[in-house]
Each structure stands twice: as C-alpha cells, then as structure tokens.
$ cat upload.cif   # mmCIF, C-alpha atoms
data_structure
#
loop_
_atom_site.label_atom_id
_atom_site.label_comp_id
_atom_site.auth_asym_id
_atom_site.auth_seq_id
_atom_site.Cartn_x
_atom_site.Cartn_y
_atom_site.Cartn_z
CA MET A 1 25.76 29.48 -7.57
CA ARG A 2 27.21 31.89 -5.02
CA LYS A 3 30.73 30.87 -5.96
CA GLU A 4 30.00 31.34 -9.67
CA TYR A 5 28.09 34.62 -9.45
CA GLY A 6 30.20 35.92 -6.57
CA LYS A 7 32.99 36.47 -9.11
CA LEU A 8 30.98 39.44 -10.43
CA ASP A 9 32.58 38.94 -13.83
CA LYS A 10 29.50 38.88 -16.08
CA MET A 11 29.29 42.58 -16.94
CA GLU A 12 30.15 46.10 -15.85
CA MET A 13 27.31 48.61 -15.97
CA SER A 14 25.47 51.26 -13.98
CA ILE A 15 22.30 50.68 -11.97
CA TRP A 16 20.24 52.59 -14.55
CA GLU A 17 21.71 50.57 -17.43
CA CYS A 18 20.61 47.45 -15.57
CA CYS A 19 17.10 48.87 -15.16
CA GLU A 20 16.94 49.32 -18.93
CA LEU A 21 18.36 45.84 -19.52
CA LEU A 22 15.59 44.44 -17.35
CA ASN A 23 13.11 45.56 -20.03
CA ASN A 24 14.06 42.29 -21.76
CA VAL A 25 12.78 40.22 -18.82
CA VAL A 26 9.24 39.01 -18.10
CA ASP A 27 8.80 37.10 -14.85
CA GLU A 28 6.62 34.07 -15.65
CA SER A 29 5.97 33.41 -11.95
CA ASP A 30 4.08 36.69 -11.52
CA PRO A 31 0.36 36.18 -12.19
CA ASP A 32 -0.40 39.91 -12.05
CA LEU A 33 2.06 41.24 -14.54
CA ASP A 34 2.76 40.88 -18.23
CA GLU A 35 4.47 44.26 -18.35
CA PRO A 36 8.20 44.86 -18.75
CA GLN A 37 9.99 44.73 -15.42
CA ILE A 38 11.14 48.36 -15.50
CA GLN A 39 7.50 49.47 -15.26
CA HIS A 40 6.97 47.36 -12.15
CA LEU A 41 10.14 48.83 -10.60
CA LEU A 42 9.07 52.40 -11.28
CA GLN A 43 5.44 51.83 -10.26
CA THR A 44 6.61 50.41 -6.92
CA ALA A 45 9.16 53.16 -6.37
CA GLU A 46 6.76 55.98 -7.28
CA ALA A 47 4.00 54.61 -5.02
CA ILE A 48 6.41 54.48 -2.07
CA ARG A 49 7.75 57.95 -2.94
CA ARG A 50 4.24 59.39 -2.71
CA ASP A 51 3.59 57.92 0.75
CA TYR A 52 7.13 58.11 2.22
CA PRO A 53 8.59 61.23 0.57
CA ASP A 54 11.48 61.58 3.05
CA GLU A 55 12.80 58.01 2.79
CA ASP A 56 14.82 58.34 -0.41
CA TRP A 57 16.73 55.11 0.34
CA LEU A 58 13.40 53.25 0.21
CA HIS A 59 12.54 54.78 -3.19
CA LEU A 60 15.84 53.53 -4.59
CA THR A 61 15.45 50.13 -2.93
CA ALA A 62 12.11 49.75 -4.70
CA LEU A 63 13.72 50.65 -8.01
CA ILE A 64 16.52 48.08 -7.71
CA HIS A 65 14.91 45.25 -5.73
CA ASP A 66 14.29 43.02 -8.78
CA LEU A 67 17.42 43.81 -10.82
CA GLY A 68 18.75 40.35 -9.98
CA LYS A 69 16.27 38.98 -12.53
CA VAL A 70 18.90 39.71 -15.19
CA LEU A 71 20.06 36.17 -14.31
CA LEU A 72 17.38 35.06 -16.80
CA LEU A 73 19.21 36.75 -19.68
CA PRO A 74 21.75 34.92 -21.86
CA GLU A 75 24.52 37.40 -20.91
CA PHE A 76 24.18 36.21 -17.31
CA GLY A 77 23.99 32.50 -18.02
CA GLY A 78 20.30 32.32 -18.96
CA LEU A 79 19.23 30.55 -15.78
CA PRO A 80 15.78 28.92 -15.88
CA GLN A 81 12.85 30.80 -14.32
CA TRP A 82 12.60 28.38 -11.38
CA ALA A 83 16.19 29.15 -10.37
CA VAL A 84 15.71 32.94 -10.44
CA VAL A 85 12.15 33.92 -9.46
CA GLY A 86 9.51 32.64 -7.04
CA ASP A 87 9.62 32.24 -3.26
CA THR A 88 12.88 31.69 -1.38
CA PHE A 89 13.47 29.63 1.77
CA PRO A 90 16.31 28.67 4.13
CA VAL A 91 18.30 25.52 3.56
CA GLY A 92 20.02 23.60 6.35
CA CYS A 93 16.91 23.33 8.54
CA THR A 94 13.46 21.79 8.19
CA PHE A 95 11.31 22.98 5.28
CA ASP A 96 8.49 24.77 7.06
CA SER A 97 4.95 23.95 5.94
CA ALA A 98 4.51 27.66 5.10
CA ASN A 99 6.70 27.13 2.03
CA ILE A 100 4.67 27.09 -1.16
CA HIS A 101 4.18 23.61 -2.71
CA HIS A 102 5.51 22.18 0.55
CA LYS A 103 4.65 18.60 -0.45
CA TYR A 104 7.37 18.63 -3.11
CA PHE A 105 10.09 19.01 -0.50
CA LYS A 106 9.51 15.35 0.28
CA GLY A 107 11.71 14.57 -2.69
CA ASN A 108 14.60 16.58 -1.26
CA SER A 109 17.20 14.36 0.43
CA ASP A 110 17.78 17.02 3.13
CA ASN A 111 14.35 16.02 4.45
CA ASN A 112 15.76 12.70 5.63
CA ASN A 113 19.06 14.06 6.96
CA PRO A 114 18.94 14.44 10.77
CA LYS A 115 21.50 17.23 10.52
CA TYR A 116 19.10 19.34 8.45
CA ASN A 117 15.55 18.23 9.23
CA THR A 118 15.06 19.77 12.68
CA LYS A 119 13.49 23.16 13.34
CA ASN A 120 16.84 24.97 13.68
CA GLY A 121 18.97 22.47 11.75
CA VAL A 122 22.56 23.71 11.46
CA TYR A 123 21.62 27.09 12.97
CA SER A 124 21.13 28.32 16.52
CA GLU A 125 18.10 30.23 17.72
CA GLY A 126 18.53 33.99 17.25
CA CYS A 127 21.62 33.55 15.06
CA GLY A 128 20.42 36.28 12.65
CA LEU A 129 19.36 35.88 9.03
CA ASP A 130 22.76 37.14 7.82
CA ASN A 131 24.06 33.75 9.01
CA VAL A 132 21.33 31.69 7.29
CA LEU A 133 21.86 30.22 3.82
CA MET A 134 18.89 30.89 1.55
CA SER A 135 17.83 29.16 -1.65
CA TRP A 136 19.44 30.88 -4.64
CA GLY A 137 17.50 33.43 -6.66
CA HIS A 138 17.37 37.02 -7.85
CA ASP A 139 17.14 38.36 -4.28
CA ASP A 140 20.46 37.01 -3.11
CA TYR A 141 22.19 37.90 -6.37
CA MET A 142 21.18 41.58 -6.17
CA TYR A 143 22.11 41.65 -2.49
CA LEU A 144 25.54 40.31 -3.43
CA VAL A 145 25.97 42.88 -6.22
CA ALA A 146 24.96 45.80 -3.98
CA LYS A 147 27.09 44.71 -1.03
CA GLU A 148 30.24 43.84 -2.97
CA ASN A 149 30.10 47.07 -4.98
CA GLY A 150 30.10 49.09 -1.76
CA THR A 151 26.60 50.56 -1.68
CA THR A 152 25.93 53.04 1.13
CA LEU A 153 22.25 52.04 1.39
CA PRO A 154 21.22 51.26 4.99
CA HIS A 155 21.04 47.70 6.30
CA ALA A 156 17.23 47.74 6.05
CA ALA A 157 17.52 48.30 2.28
CA LEU A 158 19.80 45.28 1.88
CA PHE A 159 17.39 43.26 4.03
CA ILE A 160 14.49 44.16 1.71
CA ILE A 161 16.51 43.27 -1.39
CA ARG A 162 17.66 39.96 0.08
CA TYR A 163 14.39 38.75 1.60
CA HIS A 164 11.53 40.25 -0.42
CA SER A 165 10.81 36.80 -1.93
CA PHE A 166 11.07 35.10 1.49
CA TYR A 167 7.28 34.89 1.78
CA PRO A 168 7.24 32.19 4.49
CA LEU A 169 8.86 34.77 6.78
CA HIS A 170 7.05 37.98 5.95
CA THR A 171 3.58 36.59 5.28
CA ALA A 172 3.42 33.48 7.52
CA ALA A 173 5.96 34.42 10.25
CA ALA A 174 7.83 31.14 9.71
CA TYR A 175 11.53 30.85 10.65
CA THR A 176 11.28 33.81 13.05
CA GLN A 177 13.25 31.85 15.65
CA LEU A 178 16.37 32.45 13.53
CA MET A 179 16.01 36.24 13.59
CA ASN A 180 17.94 38.66 15.79
CA ASP A 181 16.94 42.16 16.94
CA GLU A 182 18.29 43.88 13.83
CA ASP A 183 16.29 41.49 11.63
CA ARG A 184 13.13 42.33 13.57
CA ASP A 185 13.70 46.05 13.05
CA ASP A 186 14.36 45.54 9.34
CA LEU A 187 11.32 43.30 8.93
CA LYS A 188 9.08 46.28 9.72
CA TRP A 189 10.42 48.03 6.62
CA LEU A 190 10.04 44.86 4.54
CA HIS A 191 6.36 44.74 5.52
CA VAL A 192 5.99 48.37 4.40
CA PHE A 193 7.76 47.62 1.12
CA ASN A 194 5.82 44.44 0.45
CA LYS A 195 2.47 46.22 0.33
CA TYR A 196 3.74 48.31 -2.56
CA ASP A 197 5.58 45.48 -4.29
CA LEU A 198 2.35 43.49 -4.45
CA TYR A 199 -0.26 46.19 -4.93
CA SER A 200 1.31 48.98 -6.99
CA LYS A 201 1.19 47.08 -10.27
CA SER A 202 -0.81 48.92 -12.87
CA LYS A 203 -1.47 49.15 -16.57
CA VAL A 204 -0.78 52.90 -16.36
CA HIS A 205 2.82 53.36 -17.43
CA VAL A 206 5.18 55.62 -15.54
CA ASP A 207 6.80 58.23 -17.80
CA VAL A 208 10.36 56.98 -17.59
CA GLU A 209 12.03 60.13 -18.91
CA GLN A 210 10.11 62.32 -16.47
CA VAL A 211 11.21 60.43 -13.33
CA LYS A 212 14.66 59.36 -14.54
CA PRO A 213 16.59 62.43 -13.24
CA TYR A 214 15.30 61.86 -9.70
CA TYR A 215 16.34 58.20 -9.65
CA ILE A 216 19.70 58.93 -11.27
CA SER A 217 20.38 61.36 -8.40
CA LEU A 218 19.61 58.61 -5.87
CA ILE A 219 21.78 56.10 -7.73
CA ASN A 220 24.67 58.59 -7.65
CA LYS A 221 24.12 59.11 -3.91
CA TYR A 222 24.16 55.44 -2.91
CA PHE A 223 26.18 53.61 -5.62
CA PRO A 224 29.37 53.95 -7.66
CA ALA A 225 28.97 55.01 -11.30
CA LYS A 226 29.71 51.49 -12.59
CA LEU A 227 29.14 48.18 -10.83
CA ARG A 228 30.53 44.72 -11.42
CA TRP A 229 27.75 42.20 -12.02
#

$ encode --input "upload.cif" --output "structure tokens"
Amino acid sequence: MRKEYGKLDKMEMSIWECCELLNNVVDESDPDLDEPQIQHLLQTAEAIRRDYPDEDWLHLTALIHDLGKVLLLPEFGGLPQWAVVGDTFPVGCTFDSANIHHKYFKGNSDNNNPKYNTKNGVYSEGCGLDNVLMSWGHDDYMYLVAKENGTTLPHAALFIIRYHSFYPLHTAAAYTQLMNDEDRDDLKWLHVFNKYDLYSKSKVHVDVEQVKPYYISLINKYFPAKLRW
C-alpha cells in the first residue's frame, strides 16, 4: 500500500478541494456520525479554535486530519472501509490485547512467528514511533501526503495526523515502550486533539462559507497551493 500510494500519482489538488471532495465520503465505522465528513472536520477545528485560539497549526490539523479517507473514493482506488477507517496498530510485534477485536488476530500468521510475536518484535525499546510500521489506513496516507508535499506544520501536527486512530496507544497506553521523548511530547497534543475529535460532533452545521477564509489562510501558510495525492 505504501509503495502504491507513495507514488502520489492519483490526483493534484489543494487542501480545500480535498475537503470538498470528502463530502462524498461517509465513514461507516463511526457510530456517532451520519453527516458528511467536511462537517466533522469543521466542527472539530472550530471547537479547538475556540479553546486554543493561538494554536493555528492545531486548527488546521483538525481540519485535515481525516482527509486520507478519500481512499474510499473510486478516484483513489475505492479501497474497502476496513482498509481505510477504524483503529490502527503496529505490525512486526505482538498484537496487544488493547487492540479492538483482539481475538481475531489469532488468525494472523504473524501471531505464530517468533520474529514478530514478542513484545518489541523487530523493534527496540525507545526506538520512536517514526521507526514503527503501522497498519495501513487513512492516517498514514494523509501523513504521507503532508510530509511529501513539504508541509511546514510542526512535528506534533504530523504525529496527530498519523496516530489519531492508534487508540491502543492514546486510550490504553499500549505500545508505549516503543516511544521516544519526542513521541511523549507529541502525545500530549494528541490527547488534547482527541477530546475534540470524539466529542465535537454535532447536528448543528458549521457555516462553511463563513469560516472558509480563515482556513484558506492557514492552508496557504502551511501548504503549497497544489498537492500531489
């Protein structure tokens, strides 16, 4: 998947164009939301903006954190929901019991491979999450897009984008032995973000045209005009 989508040859468009494209996506794994994705993005971003007015990078991170869900659309290969949304987890080490539906990992051949089925597996303690291979999904795809297109967002923003679906880490404190000091600093911001990602969902729609100029200014600050996807 990383080799295929790392080519970034699916489309060329701006961040805002991708936000609009995401209107065509409904995440079936989300029990709280039958709204178009762009409303969830804006509701999350606006809630954070109210409480953290000076952290403009965090407002933009909230806006773009789920843009990787375009993988569900035919233009991006139309991947099935299970391959795009839902919780993520490391591969190459034991599947921690904090992973959702943990019993189904029994059918994974890595479970019986002594190279992969120990606590640290192929990794060393404190190696840093940048060196850990995660299950594929919309998090890692958007991280890849942002990084390869030269975003100037801080490392904490990329951490949030890449690991916001890594619930075993940020809700159950699993896999913490793989983290380094920078990860621990970034995790504090992910915990801040996660409260809004989960609890800002609302049936009250954000007026897109009213807030659009603000978010366009942030996009222009932290991203090129057009990105390769």

$ atom_distance --input "upload.cif" --atom1 "CA of Gly92 (chain A)" --atom2 "CA of Ala173 (chain A)"
18.2 Å

$ resolve_selection --input "upload.cif" --expression "the PyMOL selection byres ((chain A and resi 8-21) around 9)" --output "ChimeraX atom specification"
/A:4-7,22-25,37-38,41,63-64,67,70,75-77,144-145,148,212,215-216,219,223-229

$ resolve_selection --input "upload.cif" --expression "the PyMOL selection byres ((chain A and resi 94) around 7)" --output "ChimeraX atom specification"
/A:93,95-96,111,116-119,121

$ resolve_selection --input "upload.cif" --expression "the PyMOL selection byres ((chain A and resi 159-167) around 6)" --output "PyMOL selection string"
chain A and resi 65+87-89+139-140+143+156-158+168-171+190

$ closest_atom_pairs --input "upload.cif" --of "region 145-226 of chain A" --to "region 42-56 of chain A" --cutoff "12 Å" --atoms "only C-alpha atoms" --output "CSV"
residue,atom,partner,partner_atom,distance
A:Leu153,CA,A:Asp56,CA,9.9
A:Pro154,CA,A:Asp56,CA,11.0
A:Ala156,CA,A:Glu55,CA,11.7
A:Ala157,CA,A:Asp56,CA,10.7
A:Trp189,CA,A:Glu55,CA,11.0
A:Val192,CA,A:Ile48,CA,8.9
A:Phe193,CA,A:Ile48,CA,7.7
A:Asn194,CA,A:Thr44,CA,9.5
A:Lys195,CA,A:Thr44,CA,9.3
A:Tyr196,CA,A:Thr44,CA,5.6
A:Asp197,CA,A:Thr44,CA,5.7
A:Leu198,CA,A:Thr44,CA,8.5
A:Tyr199,CA,A:Thr44,CA,8.3
A:Ser200,CA,A:Thr44,CA,5.5
A:Lys201,CA,A:Gln43,CA,6.4
A:Ser202,CA,A:Gln43,CA,7.4
A:Lys203,CA,A:Gln43,CA,9.7
A:Val204,CA,A:Gln43,CA,8.8
A:His205,CA,A:Gln43,CA,7.8
A:Val206,CA,A:Gln43,CA,6.5
A:Asp207,CA,A:Leu42,CA,9.0
A:Val208,CA,A:Leu42,CA,7.9
A:Glu209,CA,A:Leu42,CA,11.3
A:Gln210,CA,A:Leu42,CA,11.2
A:Val211,CA,A:Leu42,CA,8.6
A:Lys212,CA,A:Leu42,CA,9.5
A:Tyr214,CA,A:Asp56,CA,9.9
A:Tyr215,CA,A:Asp56,CA,9.4
A:Ile216,CA,A:Asp56,CA,11.9
A:Ser217,CA,A:Asp56,CA,10.2
A:Leu218,CA,A:Asp56,CA,7.3
A:Ile219,CA,A:Asp56,CA,10.3
A:Lys221,CA,A:Asp56,CA,10.0
A:Tyr222,CA,A:Asp56,CA,10.1

$ write_last_selection --input "upload.cif" --atoms "C-alpha atoms" --output "mmCIF file, in the frame of the given file"
data_model
loop_
_atom_site.group_PDB
_atom_site.id
_atom_site.type_symbol
_atom_site.label_atom_id
_atom_site.label_comp_id
_atom_site.auth_asym_id
_atom_site.auth_seq_id
_atom_site.Cartn_x
_atom_site.Cartn_y
_atom_site.Cartn_z
ATOM 1 C CA LEU A 153 22.250 52.040 1.390
ATOM 2 C CA PRO A 154 21.220 51.260 4.990
ATOM 3 C CA ALA A 156 17.230 47.740 6.050
ATOM 4 C CA ALA A 157 17.520 48.300 2.280
ATOM 5 C CA TRP A 189 10.420 48.030 6.620
ATOM 6 C CA VAL A 192 5.990 48.370 4.400
ATOM 7 C CA PHE A 193 7.760 47.620 1.120
ATOM 8 C CA ASN A 194 5.820 44.440 0.450
ATOM 9 C CA LYS A 195 2.470 46.220 0.330
ATOM 10 C CA TYR A 196 3.740 48.310 -2.560
ATOM 11 C CA ASP A 197 5.580 45.480 -4.290
ATOM 12 C CA LEU A 198 2.350 43.490 -4.450
ATOM 13 C CA TYR A 199 -0.260 46.190 -4.930
ATOM 14 C CA SER A 200 1.310 48.980 -6.990
ATOM 15 C CA LYS A 201 1.190 47.080 -10.270
ATOM 16 C CA SER A 202 -0.810 48.920 -12.870
ATOM 17 C CA LYS A 203 -1.470 49.150 -16.570
ATOM 18 C CA VAL A 204 -0.780 52.900 -16.360
ATOM 19 C CA HIS A 205 2.820 53.360 -17.430
ATOM 20 C CA VAL A 206 5.180 55.620 -15.540
ATOM 21 C CA ASP A 207 6.800 58.230 -17.800
ATOM 22 C CA VAL A 208 10.360 56.980 -17.590
ATOM 23 C CA GLU A 209 12.030 60.130 -18.910
ATOM 24 C CA GLN A 210 10.110 62.320 -16.470
ATOM 25 C CA VAL A 211 11.210 60.430 -13.330
ATOM 26 C CA LYS A 212 14.660 59.360 -14.540
ATOM 27 C CA TYR A 214 15.300 61.860 -9.700
ATOM 28 C CA TYR A 215 16.340 58.200 -9.650
ATOM 29 C CA ILE A 216 19.700 58.930 -11.270
ATOM 30 C CA SER A 217 20.380 61.360 -8.400
ATOM 31 C CA LEU A 218 19.610 58.610 -5.870
ATOM 32 C CA ILE A 219 21.780 56.100 -7.730
ATOM 33 C CA LYS A 221 24.120 59.110 -3.910
ATOM 34 C CA TYR A 222 24.160 55.440 -2.910
#

$ axis_aligned_box --input "upload.cif" --around "region 44-49 of chain A" --padding-each-side "3 Å" --output "lines of an AutoDock Vina configuration file"
center_x = 6.6
center_y = 54.2
center_z = -4.7
size_x = 11.2
size_y = 13.5
size_z = 11.2

$ closest_residue --input "upload.cif" --among "A:Asp27, A:Val122, A:Thr151, A:Asp185" --to "Leu73 (chain A)" --atoms "all atoms listed in the file"
A:Asp27

$ atom_distance --input "upload.cif" --atom1 "CA of Gly68 (chain A)" --atom2 "CA of Pro213 (chain A)"
22.4 Å
